[in-house]
Amino acid sequence: MKGETNLSYLDRLADRYRLGVRDLIPALLQVGGGLFKGYRTDGEIYLNAEARARISAFCRVPEEILQRALPAWTAQEPLSSGGAGAAGRFRFGVVVPTAGDGCRLCTAARTGRAKPARLYLQPHTRVCPRHRRWMLGTHWIDGAPAGTEQIDLTGLPEMIAAHRRHMNLLRHRPDAVRAFEVAHAVTISWWAQQWPEEEQWPRRALQLAPPGTDPGWWQLLTRDAVTYPETVALASALVDERFRRRLLSESAGHLPHTLADTPALVSKLAQITNRGWLPEKIASTSAGPLLVWVHHCVRTPAGADAADRLWTLHMAHRPRRIARELQAYRNGGKPGAAGGSPSRGRGLRLTPEQAFRTGLAHARAYAALHGHLAAPIGERFNGFALGRWLSNHRKSPEVPPDHVAELEVLDPWWRPPWTVMWQRTYYEARDHAHVRGGLRPERGFPATSFSLGEWLYIQCTSYADLHPSQQRLLSDIGLTPEAVQAARPRRKHMATHFERTLAAARAYARTHGTLVTATADTVQDGFKLGQWLANQRSKDRAYQLRHGAPSPRALALSAIDPWWNPPWALKWQRSWHQAQKHLQDGHVLDAAAGFPGTSSALATWLTAQCAQYDTLQPDQQDLLARIGLTADRARGAAARPAEREADFAVGLGYARSYHSTHGTLAAAISTVHDGFELGRWLRRQRQHARTDADRGAPECAAVKALTAVDPWWCPPWPYHWHRTYHQAQTCHRNSQPYPPRLTTWIQTQHRNWPRLHPQQHHLLTTINIHPG
């Protein structure tokens, strides 16, 4: 029988010899009686090539015919215990695709026997239009009514008509299979809702029910059957390209927040399902498979991957199997009972449901305090990373609808189809209007802060381009379409604003000793000080080009920090301030020793200043003198006088001795070899070598001498990488297992392989680390 399971075919084969499948097949394959351990009729048996050849020869049917008829004939290749010979593996449960008895009248007519055939049931194969039957395929569930494997569709002509429409859709639309999956998820999401008395589903289920059947049980058992006509109708609408174009035109590129934002879609659903009251029922839907499909439709451009994204159905929206629903019904629908929600997260500290409840409790407390859930992504509330938790739930389309509903109780706009920053600023404007009694856009929002007033004016000028729901929210705080026409820009008294920001700059300088360390993200006393200083630097340079002298504002800032806007790179001034702070903390800057005790970046910068001292501006040289780098010291450190050559020779001797013992010069900075601080000495040599390389100077004798000892003593990549590589090389050479830290490092190299240096590739391959 086409579409039959392997187990069903073998069972019918054994039945022709008046044997059971558990007697015939193990003997035929010579694999022992353990093949069918845990045997159930809803399972499947998978065979390897030799087992398939034996069965084909036994039943005298060519393998190519069996492969065309049996979908799972070559699905898996189990191995025999001895590595060769016939082998089979019996599987059951969720790992086996849905199957059930095919139409028994069709099977009897085809085979001439009453033995049923078990087929893989696809949605379109559940209906037998010839005999008007629906195949449930659930007879193995404990407690199922007898004789309910197949139900009679006589009296329900809409079922047969829907099947004809479904088959026509499959013939003409290549995406009909995936569209039906989405449509099925949508109709099942409606299934458990409370519907009006005129709803057809309960009547349809009652018409199919045998006498004396538990109504609740039967309604679950026939769930897919009674919703089949509506599912086919919905799938036909989803694949209709004209309907999708109309949806795109209606949305104007905006993601709908609820289905109420897509009235064309809702009215179409009411029309194709013949349910005039449907729009009122589903308009408020803000989660679920239908809204996700609409979002995919709006944001997915036409292209090769458009279909994949359009028909993506996330696990949280997939309907539960009927078997699980029936078991839950049998256990009273109790959470955690057999057939309840799957035990995801088993073995973790918290299950997903427990983790959600923890986050929800913090969200509830945050909403009670602030009146909304538009928390910044970095927000920590009572020690909980609430901002990140909310962000993850906003971005994930797999959040269950019941979780979405619980969060919407706290804040209906916790997951807006626009940025959370917009929503957070809106709440600020809403609170301001509630406290101050109005925004007065016609007067330029006078009572608001400048940033809020400017934001409100931008909303007024771009009002027509906003999401319809954004327009409704703004109307709630007085920014109606009429009011925004009269809006005026927010203005501020520039002199007053400058004095306030200047006071914030003084406060920052008192704390940090300078203004140059303020970055674009720096905020002081509510002012974006870093961005403001950057703007003042640009304005002052333009002013000096026109007038040849600093502006009055620049002079006021110079009174706070004379070098707030240096004539050289700002990065240079920040490094100088870092060196000055190093001195103020009680340290010294020993140029002759390579600036020990400083960070690697600062030591490299100081070494570079010594090397290029004569090229610096006089003011830069004066600043270096303030931190002890006078002209004599800087030039002395850069010149490498002859008396240092003897010191280098001593260090080189220790380096050779260390290399002869360890095979490398990848020594930690704290390494002391035979009483000599070799690690610090090697770091100084690397600093000198890199400074010379940056200046374009030819390779000196010291570099050549150390390269002769170890070609990778000064690699062009981060030095910590090379030290870790050497540790991995030692483990590889000694055939030792890699510790967890090195295992993680090796995995990182696999991921970052395309970004590594070609010589890094070469080094990794020498220890048997390859891409992939």
# chains A, B, ... in the order shown; residues from 1 in each chain; ligands from 1
>>> residues_around(residues="Trp717 in chain A", least_positions_apart="2", cutoff="12 Å", atoms="only C-alpha atoms", output="count of residues only")
17
>>> select_by_dssp(residues="range 489-727 of chain A", states="helix (DSSP H, G or I)", output="short mmCIF file (atom, residue, chain, number, x, y, z; two decimals) with N, CA and C atoms, in the first residue's frame")
data_model
loop_
_atom_site.label_atom_id
_atom_site.label_comp_id
_atom_site.auth_asym_id
_atom_site.auth_seq_id
_atom_site.Cartn_x
_atom_site.Cartn_y
_atom_site.Cartn_z
N MET A 494 20.00 79.78 24.82
CA MET A 494 21.30 79.17 24.57
C MET A 494 22.33 79.56 25.63
N ALA A 495 22.32 80.81 26.07
CA ALA A 495 23.30 81.24 27.07
C ALA A 495 23.08 80.51 28.39
N THR A 496 21.82 80.39 28.77
CA THR A 496 21.51 79.67 30.01
C THR A 496 21.91 78.21 29.90
N HIS A 497 21.61 77.63 28.75
CA HIS A 497 21.98 76.23 28.55
C HIS A 497 23.50 76.04 28.61
N PHE A 498 24.25 76.99 28.02
CA PHE A 498 25.71 76.86 28.05
C PHE A 498 26.24 76.95 29.48
N GLU A 499 25.70 77.87 30.27
CA GLU A 499 26.17 78.01 31.65
C GLU A 499 25.88 76.75 32.46
N ARG A 500 24.72 76.14 32.23
CA ARG A 500 24.39 74.91 32.96
C ARG A 500 25.32 73.77 32.56
N THR A 501 25.58 73.66 31.25
CA THR A 501 26.47 72.59 30.80
C THR A 501 27.90 72.86 31.24
N LEU A 502 28.30 74.12 31.28
CA LEU A 502 29.64 74.46 31.75
C LEU A 502 29.81 74.07 33.21
N ALA A 503 28.77 74.26 34.00
CA ALA A 503 28.83 73.83 35.41
C ALA A 503 28.99 72.32 35.50
N ALA A 504 28.31 71.57 34.61
CA ALA A 504 28.49 70.12 34.59
C ALA A 504 29.91 69.75 34.19
N ALA A 505 30.52 70.53 33.26
CA ALA A 505 31.91 70.27 32.87
C ALA A 505 32.85 70.51 34.04
N ARG A 506 32.60 71.55 34.85
CA ARG A 506 33.44 71.81 36.03
C ARG A 506 33.35 70.64 37.01
N ALA A 507 32.12 70.15 37.21
CA ALA A 507 31.95 69.02 38.13
C ALA A 507 32.70 67.78 37.63
N TYR A 508 32.65 67.55 36.33
CA TYR A 508 33.35 66.39 35.77
C TYR A 508 34.86 66.54 35.91
N ALA A 509 35.39 67.76 35.66
CA ALA A 509 36.82 67.99 35.76
C ALA A 509 37.31 67.86 37.20
N ARG A 510 36.48 68.27 38.17
CA ARG A 510 36.88 68.12 39.57
C ARG A 510 37.02 66.63 39.93
N THR A 511 36.20 65.81 39.34
CA THR A 511 36.24 64.38 39.66
C THR A 511 37.36 63.65 38.91
N HIS A 512 37.55 63.98 37.64
CA HIS A 512 38.48 63.22 36.79
C HIS A 512 39.77 63.96 36.49
N LEU A 529 27.50 65.25 28.30
CA LEU A 529 28.68 66.10 28.31
C LEU A 529 29.67 65.72 27.21
N GLY A 530 29.90 64.42 27.00
CA GLY A 530 30.89 64.01 26.00
C GLY A 530 30.52 64.48 24.61
N GLN A 531 29.26 64.30 24.21
CA GLN A 531 28.83 64.75 22.89
C GLN A 531 28.87 66.27 22.79
N TRP A 532 28.51 66.95 23.87
CA TRP A 532 28.52 68.42 23.88
C TRP A 532 29.94 68.95 23.71
N LEU A 533 30.93 68.33 24.38
CA LEU A 533 32.32 68.76 24.23
C LEU A 533 32.82 68.53 22.81
N ALA A 534 32.43 67.40 22.22
CA ALA A 534 32.83 67.14 20.84
C ALA A 534 32.27 68.22 19.91
N ASN A 535 31.02 68.64 20.15
CA ASN A 535 30.44 69.70 19.33
C ASN A 535 31.18 71.03 19.54
N GLN A 536 31.56 71.32 20.80
CA GLN A 536 32.27 72.57 21.07
C GLN A 536 33.64 72.57 20.41
N ARG A 537 34.31 71.42 20.35
CA ARG A 537 35.62 71.37 19.68
C ARG A 537 35.47 71.68 18.20
N SER A 538 34.44 71.08 17.57
CA SER A 538 34.23 71.34 16.14
C SER A 538 33.91 72.81 15.91
N LYS A 539 33.05 73.39 16.75
CA LYS A 539 32.69 74.79 16.58
C LYS A 539 33.88 75.72 16.82
N ASP A 540 34.73 75.37 17.79
CA ASP A 540 35.88 76.23 18.08
C ASP A 540 36.89 76.21 16.94
N ARG A 541 37.10 75.04 16.32
CA ARG A 541 38.03 74.99 15.20
C ARG A 541 37.52 75.84 14.04
N ALA A 542 36.20 75.75 13.78
CA ALA A 542 35.63 76.59 12.72
C ALA A 542 35.74 78.07 13.07
N TYR A 543 35.54 78.41 14.34
CA TYR A 543 35.64 79.81 14.77
C TYR A 543 37.06 80.34 14.59
N GLN A 544 38.07 79.52 14.95
CA GLN A 544 39.46 79.96 14.82
C GLN A 544 39.86 80.14 13.35
N LEU A 545 39.30 79.33 12.46
CA LEU A 545 39.60 79.50 11.04
C LEU A 545 39.09 80.85 10.53
N ARG A 546 37.95 81.27 11.06
CA ARG A 546 37.36 82.53 10.60
C ARG A 546 37.97 83.74 11.30
N HIS A 547 38.26 83.62 12.61
CA HIS A 547 38.67 84.80 13.39
C HIS A 547 40.12 84.74 13.85
N PRO A 552 34.86 82.75 22.73
CA PRO A 552 34.64 82.98 24.17
C PRO A 552 34.26 81.68 24.90
N ARG A 553 33.50 80.82 24.26
CA ARG A 553 33.15 79.56 24.90
C ARG A 553 34.38 78.68 25.09
N ALA A 554 35.27 78.68 24.09
CA ALA A 554 36.49 77.89 24.21
C ALA A 554 37.37 78.40 25.34
N LEU A 555 37.41 79.71 25.52
CA LEU A 555 38.20 80.27 26.61
C LEU A 555 37.62 79.86 27.96
N ALA A 556 36.28 79.81 28.05
CA ALA A 556 35.66 79.39 29.31
C ALA A 556 35.99 77.94 29.62
N LEU A 557 36.02 77.09 28.60
CA LEU A 557 36.39 75.69 28.81
C LEU A 557 37.88 75.54 29.10
N SER A 558 38.73 76.40 28.49
CA SER A 558 40.17 76.33 28.75
C SER A 558 40.48 76.71 30.19
N ALA A 559 39.62 77.53 30.79
CA ALA A 559 39.82 77.85 32.20
C ALA A 559 39.60 76.64 33.09
N ILE A 560 38.82 75.71 32.62
CA ILE A 560 38.60 74.46 33.37
C ILE A 560 39.71 73.46 33.09
N LEU A 570 43.22 63.81 20.07
CA LEU A 570 42.64 63.70 21.40
C LEU A 570 43.12 62.42 22.09
N LYS A 571 43.37 61.38 21.30
CA LYS A 571 43.87 60.13 21.86
C LYS A 571 45.22 60.32 22.52
N TRP A 572 46.07 61.19 21.95
CA TRP A 572 47.38 61.47 22.55
C TRP A 572 47.20 62.11 23.92
N GLN A 573 46.26 63.06 24.00
CA GLN A 573 46.07 63.76 25.27
C GLN A 573 45.50 62.81 26.33
N ARG A 574 44.64 61.90 25.93
CA ARG A 574 44.10 60.94 26.89
C ARG A 574 45.18 60.00 27.40
N SER A 575 46.10 59.59 26.53
CA SER A 575 47.21 58.72 26.97
C SER A 575 48.12 59.48 27.92
N TRP A 576 48.36 60.76 27.64
CA TRP A 576 49.19 61.56 28.55
C TRP A 576 48.53 61.67 29.92
N HIS A 577 47.24 61.91 29.94
CA HIS A 577 46.53 62.00 31.21
C HIS A 577 46.60 60.67 31.96
N GLN A 578 46.56 59.56 31.25
CA GLN A 578 46.69 58.26 31.89
C GLN A 578 48.06 58.10 32.52
N ALA A 579 49.11 58.57 31.82
CA ALA A 579 50.46 58.50 32.39
C ALA A 579 50.59 59.41 33.61
N GLN A 580 49.97 60.59 33.55
CA GLN A 580 50.01 61.50 34.70
C GLN A 580 49.32 60.88 35.91
N LYS A 581 48.21 60.24 35.68
CA LYS A 581 47.50 59.58 36.79
C LYS A 581 48.35 58.45 37.37
N HIS A 582 49.11 57.76 36.51
CA HIS A 582 50.00 56.70 36.98
C HIS A 582 51.03 57.27 37.96
N LEU A 583 51.53 58.47 37.66
CA LEU A 583 52.49 59.11 38.57
C LEU A 583 51.81 59.56 39.86
N GLN A 584 50.60 60.11 39.73
CA GLN A 584 49.89 60.59 40.92
C GLN A 584 49.54 59.46 41.87
N SER A 600 50.30 47.48 29.12
CA SER A 600 50.99 47.26 27.86
C SER A 600 50.75 48.40 26.88
N ALA A 601 49.50 48.88 26.81
CA ALA A 601 49.17 49.96 25.89
C ALA A 601 49.88 51.25 26.27
N LEU A 602 49.92 51.57 27.58
CA LEU A 602 50.58 52.79 28.02
C LEU A 602 52.08 52.71 27.82
N ALA A 603 52.67 51.53 28.11
CA ALA A 603 54.11 51.37 27.91
C ALA A 603 54.47 51.54 26.43
N THR A 604 53.65 51.00 25.55
CA THR A 604 53.90 51.14 24.12
C THR A 604 53.81 52.61 23.70
N TRP A 605 52.81 53.33 24.24
CA TRP A 605 52.66 54.74 23.91
C TRP A 605 53.87 55.55 24.40
N LEU A 606 54.29 55.32 25.64
CA LEU A 606 55.44 56.04 26.19
C LEU A 606 56.71 55.75 25.40
N THR A 607 56.89 54.50 25.02
CA THR A 607 58.07 54.14 24.23
C THR A 607 58.04 54.85 22.88
N ALA A 608 56.85 54.95 22.29
CA ALA A 608 56.72 55.65 21.01
C ALA A 608 57.03 57.13 21.16
N GLN A 609 56.65 57.77 22.28
CA GLN A 609 56.97 59.19 22.48
C GLN A 609 58.46 59.41 22.60
N CYS A 610 59.13 58.46 23.27
CA CYS A 610 60.60 58.57 23.37
C CYS A 610 61.23 58.45 21.99
N ALA A 611 60.73 57.53 21.19
CA ALA A 611 61.33 57.29 19.88
C ALA A 611 61.13 58.46 18.93
N TYR A 613 60.48 61.72 19.90
CA TYR A 613 60.47 62.91 20.74
C TYR A 613 60.75 64.17 19.94
N ASP A 614 61.73 64.12 19.03
CA ASP A 614 62.14 65.31 18.30
C ASP A 614 61.07 65.77 17.31
N THR A 615 60.13 64.91 16.98
CA THR A 615 59.09 65.29 16.02
C THR A 615 57.86 65.88 16.70
N PRO A 618 56.37 71.57 20.59
CA PRO A 618 56.97 72.04 21.86
C PRO A 618 56.04 71.87 23.06
N ASP A 619 54.75 72.12 22.86
CA ASP A 619 53.82 71.94 23.98
C ASP A 619 53.71 70.48 24.39
N GLN A 620 53.79 69.56 23.43
CA GLN A 620 53.77 68.14 23.77
C GLN A 620 55.03 67.75 24.54
N GLN A 621 56.18 68.30 24.11
CA GLN A 621 57.43 68.02 24.84
C GLN A 621 57.36 68.57 26.26
N ASP A 622 56.73 69.74 26.42
CA ASP A 622 56.59 70.31 27.76
C ASP A 622 55.69 69.44 28.63
N LEU A 623 54.61 68.90 28.06
CA LEU A 623 53.74 68.02 28.83
C LEU A 623 54.48 66.74 29.23
N LEU A 624 55.31 66.19 28.33
CA LEU A 624 56.07 65.00 28.67
C LEU A 624 57.08 65.29 29.78
N ALA A 625 57.65 66.50 29.76
CA ALA A 625 58.60 66.86 30.83
C ALA A 625 57.91 66.90 32.18
N ARG A 626 56.61 67.26 32.20
CA ARG A 626 55.89 67.31 33.47
C ARG A 626 55.75 65.92 34.10
N ALA A 631 63.92 65.79 27.68
CA ALA A 631 64.56 65.52 26.39
C ALA A 631 65.69 64.51 26.55
N ASP A 632 66.51 64.68 27.61
CA ASP A 632 67.64 63.76 27.79
C ASP A 632 67.17 62.34 28.05
N ARG A 633 66.16 62.19 28.93
CA ARG A 633 65.69 60.84 29.25
C ARG A 633 65.02 60.18 28.05
N ALA A 634 64.22 60.93 27.34
CA ALA A 634 63.53 60.36 26.19
C ALA A 634 64.51 59.95 25.11
N ARG A 635 65.47 60.85 24.81
CA ARG A 635 66.43 60.50 23.77
C ARG A 635 67.36 59.38 24.22
N GLY A 636 67.66 59.36 25.53
CA GLY A 636 68.50 58.28 26.03
C GLY A 636 67.81 56.93 25.92
N ALA A 637 66.48 56.91 26.21
CA ALA A 637 65.75 55.65 26.11
C ALA A 637 65.60 55.20 24.66
N ALA A 638 65.50 56.17 23.73
CA ALA A 638 65.29 55.81 22.34
C ALA A 638 66.57 55.46 21.62
N ALA A 639 67.72 56.08 22.09
CA ALA A 639 68.97 55.89 21.34
C ALA A 639 69.59 54.52 21.54
N GLU A 643 76.32 51.41 26.13
CA GLU A 643 76.41 50.71 27.40
C GLU A 643 75.26 49.73 27.60
N ARG A 644 74.16 49.88 26.81
CA ARG A 644 73.06 48.94 26.96
C ARG A 644 73.30 47.67 26.17
N GLU A 645 74.27 47.71 25.24
CA GLU A 645 74.53 46.51 24.45
C GLU A 645 75.02 45.37 25.32
N ALA A 646 75.80 45.72 26.35
CA ALA A 646 76.28 44.66 27.25
C ALA A 646 75.11 44.06 28.02
N ASP A 647 74.16 44.92 28.46
CA ASP A 647 72.98 44.40 29.14
C ASP A 647 72.16 43.50 28.22
N PHE A 648 72.06 43.87 26.94
CA PHE A 648 71.32 43.02 26.00
C PHE A 648 72.00 41.68 25.83
N ALA A 649 73.31 41.67 25.80
CA ALA A 649 74.02 40.41 25.64
C ALA A 649 73.76 39.48 26.82
N VAL A 650 73.67 40.07 28.04
CA VAL A 650 73.37 39.24 29.21
C VAL A 650 71.96 38.66 29.08
N GLY A 651 70.99 39.50 28.73
CA GLY A 651 69.62 39.02 28.57
C GLY A 651 69.50 37.98 27.47
N LEU A 652 70.24 38.17 26.38
CA LEU A 652 70.19 37.20 25.29
C LEU A 652 70.72 35.84 25.74
N GLY A 653 71.72 35.86 26.61
CA GLY A 653 72.23 34.59 27.12
C GLY A 653 71.18 33.85 27.94
N TYR A 654 70.48 34.59 28.79
CA TYR A 654 69.40 33.95 29.56
C TYR A 654 68.27 33.47 28.64
N ALA A 655 67.99 34.24 27.59
CA ALA A 655 66.94 33.83 26.65
C ALA A 655 67.31 32.52 25.96
N ARG A 656 68.56 32.38 25.56
CA ARG A 656 68.99 31.14 24.92
C ARG A 656 68.90 29.96 25.89
N SER A 657 69.29 30.22 27.15
CA SER A 657 69.21 29.16 28.15
C SER A 657 67.76 28.73 28.38
N TYR A 658 66.85 29.71 28.46
CA TYR A 658 65.43 29.39 28.66
C TYR A 658 64.87 28.62 27.47
N HIS A 659 65.25 29.01 26.26
CA HIS A 659 64.75 28.35 25.06
C HIS A 659 65.26 26.92 24.97
N SER A 660 66.49 26.68 25.39
CA SER A 660 67.01 25.31 25.34
C SER A 660 66.26 24.38 26.28
N THR A 661 65.68 24.95 27.32
CA THR A 661 64.93 24.14 28.29
C THR A 661 63.47 23.98 27.88
N HIS A 662 62.85 25.06 27.43
CA HIS A 662 61.41 25.06 27.17
C HIS A 662 61.04 25.03 25.69
N LEU A 678 63.48 37.43 33.17
CA LEU A 678 63.46 37.25 31.72
C LEU A 678 62.14 37.73 31.11
N GLY A 679 61.00 37.50 31.80
CA GLY A 679 59.72 37.88 31.25
C GLY A 679 59.63 39.37 30.98
N ARG A 680 60.05 40.19 31.96
CA ARG A 680 60.01 41.64 31.77
C ARG A 680 61.01 42.08 30.71
N TRP A 681 62.18 41.45 30.67
CA TRP A 681 63.19 41.81 29.67
C TRP A 681 62.68 41.53 28.26
N LEU A 682 62.02 40.39 28.08
CA LEU A 682 61.49 40.07 26.75
C LEU A 682 60.37 41.03 26.36
N ARG A 683 59.57 41.44 27.32
CA ARG A 683 58.51 42.39 26.98
C ARG A 683 59.10 43.71 26.51
N ARG A 684 60.17 44.18 27.16
CA ARG A 684 60.79 45.42 26.71
C ARG A 684 61.34 45.29 25.30
N GLN A 685 61.95 44.13 25.01
CA GLN A 685 62.49 43.94 23.67
C GLN A 685 61.37 43.93 22.63
N ARG A 686 60.23 43.33 22.97
CA ARG A 686 59.11 43.34 22.03
C ARG A 686 58.58 44.75 21.81
N GLN A 687 58.52 45.56 22.88
CA GLN A 687 58.07 46.94 22.75
C GLN A 687 58.99 47.73 21.84
N HIS A 688 60.31 47.57 22.04
CA HIS A 688 61.26 48.27 21.18
C HIS A 688 61.12 47.83 19.73
N ALA A 689 60.96 46.52 19.53
CA ALA A 689 60.87 46.00 18.16
C ALA A 689 59.62 46.53 17.46
N ARG A 690 58.50 46.57 18.16
CA ARG A 690 57.27 47.04 17.54
C ARG A 690 57.30 48.54 17.29
N THR A 691 57.95 49.30 18.20
CA THR A 691 58.08 50.74 17.97
C THR A 691 58.92 51.01 16.73
N ASP A 692 60.04 50.27 16.58
CA ASP A 692 60.89 50.44 15.39
C ASP A 692 60.12 50.07 14.13
N ALA A 693 59.30 49.01 14.23
CA ALA A 693 58.53 48.59 13.05
C ALA A 693 57.49 49.64 12.68
N ASP A 694 56.85 50.26 13.67
CA ASP A 694 55.88 51.31 13.39
C ASP A 694 56.54 52.53 12.73
N ARG A 695 57.79 52.80 13.07
CA ARG A 695 58.52 53.93 12.48
C ARG A 695 59.09 53.61 11.12
N ALA A 701 70.01 44.64 15.10
CA ALA A 701 70.75 43.42 15.42
C ALA A 701 70.10 42.66 16.57
N ALA A 702 69.49 43.39 17.54
CA ALA A 702 68.86 42.73 18.68
C ALA A 702 67.68 41.88 18.22
N VAL A 703 66.87 42.43 17.32
CA VAL A 703 65.73 41.67 16.81
C VAL A 703 66.20 40.44 16.06
N LYS A 704 67.22 40.59 15.24
CA LYS A 704 67.74 39.45 14.49
C LYS A 704 68.28 38.36 15.42
N ALA A 705 68.93 38.79 16.51
CA ALA A 705 69.49 37.81 17.44
C ALA A 705 68.39 37.01 18.13
N LEU A 706 67.32 37.69 18.58
CA LEU A 706 66.23 36.98 19.24
C LEU A 706 65.43 36.14 18.25
N THR A 707 65.29 36.60 17.01
CA THR A 707 64.60 35.81 15.99
C THR A 707 65.35 34.53 15.69
N ALA A 708 66.68 34.59 15.76
CA ALA A 708 67.47 33.38 15.54
C ALA A 708 67.24 32.36 16.64
N VAL A 709 66.92 32.84 17.86
CA VAL A 709 66.64 31.92 18.97
C VAL A 709 65.23 31.33 18.82
N TYR A 719 50.04 38.57 22.03
CA TYR A 719 51.02 37.66 22.61
C TYR A 719 50.37 36.58 23.47
N HIS A 720 49.23 36.88 24.11
CA HIS A 720 48.58 35.86 24.92
C HIS A 720 48.12 34.69 24.07
N TRP A 721 47.80 34.96 22.78
CA TRP A 721 47.43 33.86 21.87
C TRP A 721 48.61 32.91 21.71
N HIS A 722 49.81 33.49 21.54
CA HIS A 722 50.97 32.64 21.30
C HIS A 722 51.33 31.83 22.53
N ARG A 723 51.16 32.40 23.72
CA ARG A 723 51.46 31.65 24.94
C ARG A 723 50.48 30.48 25.10
N THR A 724 49.20 30.74 24.80
CA THR A 724 48.21 29.67 24.88
C THR A 724 48.49 28.59 23.84
N TYR A 725 48.90 29.02 22.63
CA TYR A 725 49.26 28.04 21.60
C TYR A 725 50.39 27.15 22.08
N HIS A 726 51.40 27.72 22.72
CA HIS A 726 52.52 26.91 23.19
C HIS A 726 52.07 25.90 24.24
N GLN A 727 51.13 26.29 25.11
CA GLN A 727 50.61 25.33 26.09
C GLN A 727 49.90 24.17 25.39
#
>>> atom_distance(atom1="CA of Val420 in chain A", atom2="CA of Thr461 in chain A")
20.2 Å
>>> residues_around(residues="range 147-161 of chain A", least_positions_apart="4", cutoff="8 Å", atoms="only C-alpha atoms", output="tab-separated table (two decimals) with N, CA, C and O atoms, in the first residue's frame")
chain	number	residue	atom	x	y	z
A	100	GLY	N	-1.57	5.98	10.95
A	100	GLY	CA	-2.83	5.41	11.38
A	100	GLY	C	-3.37	4.47	10.31
A	100	GLY	O	-2.82	4.39	9.20
A	101	ASP	N	-4.43	3.76	10.66
A	101	ASP	CA	-5.02	2.83	9.70
A	101	ASP	C	-5.56	3.58	8.50
A	101	ASP	O	-6.29	4.58	8.65
A	103	CYS	N	-7.95	3.72	5.04
A	103	CYS	CA	-9.36	3.35	4.85
A	103	CYS	C	-9.46	1.82	4.73
A	103	CYS	O	-8.86	1.21	3.84
A	127	VAL	N	-8.59	11.89	4.54
A	127	VAL	CA	-9.95	11.80	4.00
A	127	VAL	C	-9.96	10.77	2.87
A	127	VAL	O	-9.11	10.82	1.97
A	129	PRO	N	-12.30	10.13	0.01
A	129	PRO	CA	-13.51	10.68	-0.63
A	129	PRO	C	-14.41	9.59	-1.21
A	129	PRO	O	-15.62	9.79	-1.34
A	132	ARG	N	-16.03	8.23	1.99
A	132	ARG	CA	-16.44	9.30	2.90
A	132	ARG	C	-16.07	8.97	4.35
A	132	ARG	O	-16.92	8.87	5.23
A	133	ARG	N	-14.78	8.79	4.56
A	133	ARG	CA	-14.27	8.48	5.90
A	133	ARG	C	-13.10	9.40	6.24
A	133	ARG	O	-12.38	9.85	5.36
A	134	TRP	N	-12.97	9.59	7.54
A	134	TRP	CA	-11.82	10.35	8.08
A	134	TRP	C	-11.02	9.41	8.96
A	134	TRP	O	-11.58	8.75	9.85
A	135	MET	N	-9.70	9.32	8.70
A	135	MET	CA	-8.82	8.44	9.46
A	135	MET	C	-8.22	9.20	10.65
A	135	MET	O	-7.49	10.17	10.46
A	136	LEU	N	-8.56	8.75	11.85
A	136	LEU	CA	-8.03	9.39	13.06
A	136	LEU	C	-6.64	8.89	13.41
A	136	LEU	O	-5.76	9.66	13.78
A	137	GLY	N	-6.44	7.58	13.36
A	137	GLY	CA	-5.14	7.02	13.68
A	137	GLY	C	-4.78	7.11	15.14
A	137	GLY	O	-3.62	7.27	15.50
A	138	THR	N	-5.77	7.03	16.06
A	138	THR	CA	-5.48	7.17	17.50
A	138	THR	C	-5.97	5.97	18.29
A	138	THR	O	-6.22	6.08	19.49
A	139	HIS	N	-6.08	4.79	17.66
A	139	HIS	CA	-6.70	3.66	18.35
A	139	HIS	C	-5.82	3.08	19.44
A	139	HIS	O	-6.28	2.31	20.27
A	165	ARG	N	-10.83	20.79	-2.58
A	165	ARG	CA	-10.11	22.07	-2.65
A	165	ARG	C	-8.66	21.91	-2.20
A	165	ARG	O	-7.75	22.51	-2.77
A	204	ARG	N	-20.57	20.16	14.46
A	204	ARG	CA	-19.92	19.19	13.58
A	204	ARG	C	-19.36	18.01	14.38
A	204	ARG	O	-19.49	16.85	13.98
A	208	LEU	N	-20.62	13.84	14.38
A	208	LEU	CA	-19.73	12.71	14.10
A	208	LEU	C	-19.67	11.72	15.25
A	208	LEU	O	-19.14	10.62	15.08
A	228	TYR	N	-11.05	20.92	9.77
A	228	TYR	CA	-10.41	20.73	8.46
A	228	TYR	C	-10.93	21.70	7.39
A	228	TYR	O	-10.12	22.31	6.67
A	229	PRO	N	-12.22	21.91	7.21
A	229	PRO	CA	-12.67	22.84	6.17
A	229	PRO	C	-12.14	24.25	6.36
A	229	PRO	O	-11.71	24.91	5.40
>>> residues_around(residues="range 43-52 of chain A", least_positions_apart="2", cutoff="8 Å", atoms="only C-alpha atoms", output="list of chain:residue names")
A:Thr5, A:Asn6, A:Leu7, A:Leu29, A:Tyr39, A:Arg40, A:Thr41, A:Arg54, A:Ile55, A:Ser56, A:Glu63, A:Ala72, A:Trp73, A:Thr74, A:Ala75, A:Gln76, A:Glu77, A:Pro78, A:Leu79, A:Gly85, A:Ala86, A:Ala87, A:Gly88, A:Arg89, A:Phe90, A:Arg91, A:Phe92, A:Gly93, A:Val96
>>> closest_atom_pairs(of="range 591-673 of chain A", to="range 728-745 of chain A", cutoff="12 Å", atoms="only C-alpha atoms", output="tab-separated table")
residue	atom	partner	partner_atom	distance
A:His662	CA	A:Thr730	CA	9.5
A:Gly663	CA	A:Thr730	CA	9.7
A:Thr664	CA	A:Thr730	CA	10.5
A:Ala666	CA	A:Gln729	CA	11.8
